[in-house]
Number of protein chains: 2
Amino acid sequence: MQKDAEAQLPLTTLWYNILLALADEARHGYGIIKEIELRTDGRMSPGTGTVYLALQRLEEDGLIAESKETAEATERVHRDKRRRRWYELTPQGRAVLAAETRRLLAEVSLAVEKGVIDSSSLKTL
Amino acid sequence: MQKDAEAQLPLTTLWYNILLALADEARHGYGIIKEIELRTDGRMSPGTGTVYLALQRLEEDGLIAESKETAEATERVHRDKRRRRWYELTPQGRAVLAAETRRLLAEVSLAVEKGVIDSSSLKTL
DNA sequence: GTTCAATATATTGCTCATCAACATATAGTC
DNA sequence: GACTATATGTTGATGAGCAATATATTGAAC
């Protein structure tokens, strides 16, 4: 399980950020873009073409899946007729996200060891 | 300064790892590959073509520079006639490496907040 | 002393992720 | 009715990474 997850690493920055956006709740493409822009204070602002293609690939790779239930629920409540596609993490996607997070943590740790950033920056954790 | 550095983010995983390899000492291409392989336990093993091209780009972007002194010193001491190209971080390269490390730290922090990994994994820091 | 593995750099063709621009349609507001 | 925000999609160009191939030197084993 964790073995398989590590075989799919490393992820691109965008892929990682998409999985991260889906970590706490199901979202649709546009919502993912907005979440990333908000969270990074506009420093990251992926184009729609990039994101929708990445979502296709992530689905093909089994890391995310369309969540029909949420889509239907939204439709019931809001009579939302916009063609939205909601996505959520698959168990595999969650495992890959965790594995990549551990990989990044190891890199950051090494960077701290090498004095790249002040270790006081770690207080936030 | 830090503003400029952030404009060059995010870095690809390979570029980040090359800069990280150069953070503590000057190295040549082959040495960088070996350092990355050793450090990641073979999980990352970039091909020579990829690394030598990346080194060219990093130099063009002003993040690394050839360190003639080290090359000459090595030649003097070891009579090393192999055509080695030693690289070191430029101040700009160091600033970008620091900025990217902070960016990654923020992502990992968020992942921890969202419960992606157990926060006990952070003890290593 | 020559064969062999490790060291060291480089090029080329292919695939794939990203960007920028464009296209389309609906929902909400003024 | 006009305009903005929401929402998904395609297309062409760029550029990073991989795999394969090529070449040359160094060091050790035999």
# chains A, B, ... in the order shown; residues from 1 in each chain; ligands from 1
call {"tool": "residues_around", "arguments": {"residues": "stretch 3-16 of chain C", "least_positions_apart": "4", "cutoff": "8 Å", "atoms": "only C-alpha atoms (C1' of nucleotides)", "output": "VMD selection string"}}
result
(chain B and resid 30 49 52 82 to 84) or (chain D and resid 25 to 26)
call {"tool": "select_by_dssp", "arguments": {"residues": "chain A", "states": "strand (DSSP E or B)", "output": "list in words"}}
result
Arg27, His28, Ile64, Ala65, Glu66, Trp86, Tyr87, Glu88 and Leu89 of chain A
call {"tool": "atom_distance", "arguments": {"atom1": "atom CA of A:Val96", "atom2": "atom CA of A:Glu59"}}
result
13.2 Å
call {"tool": "interface_residues", "arguments": {"of": "chain A", "to": "chain B", "cutoff": "9 Å", "atoms": "only C-alpha atoms", "output": "count of residues only"}}
result
37
call {"tool": "closest_atom_pairs", "arguments": {"of": "chain C", "to": "chain A", "cutoff": "10 Å", "atoms": "only C-alpha atoms (C1' of nucleotides)", "output": "JSON lines"}}
result
{"residue": "C:DA17", "atom": "C1'", "partner": "A:Thr50", "partner_atom": "CA", "distance": 8.1}
{"residue": "C:DT18", "atom": "C1'", "partner": "A:Thr50", "partner_atom": "CA", "distance": 6.2}
{"residue": "C:DC19", "atom": "C1'", "partner": "A:Gly47", "partner_atom": "CA", "distance": 7.2}
{"residue": "C:DA20", "atom": "C1'", "partner": "A:Gly47", "partner_atom": "CA", "distance": 8.4}
{"residue": "C:DA25", "atom": "C1'", "partner": "A:Arg82", "partner_atom": "CA", "distance": 8.5}
{"residue": "C:DT26", "atom": "C1'", "partner": "A:Arg82", "partner_atom": "CA", "distance": 5.9}
{"residue": "C:DA27", "atom": "C1'", "partner": "A:Arg82", "partner_atom": "CA", "distance": 8.2}
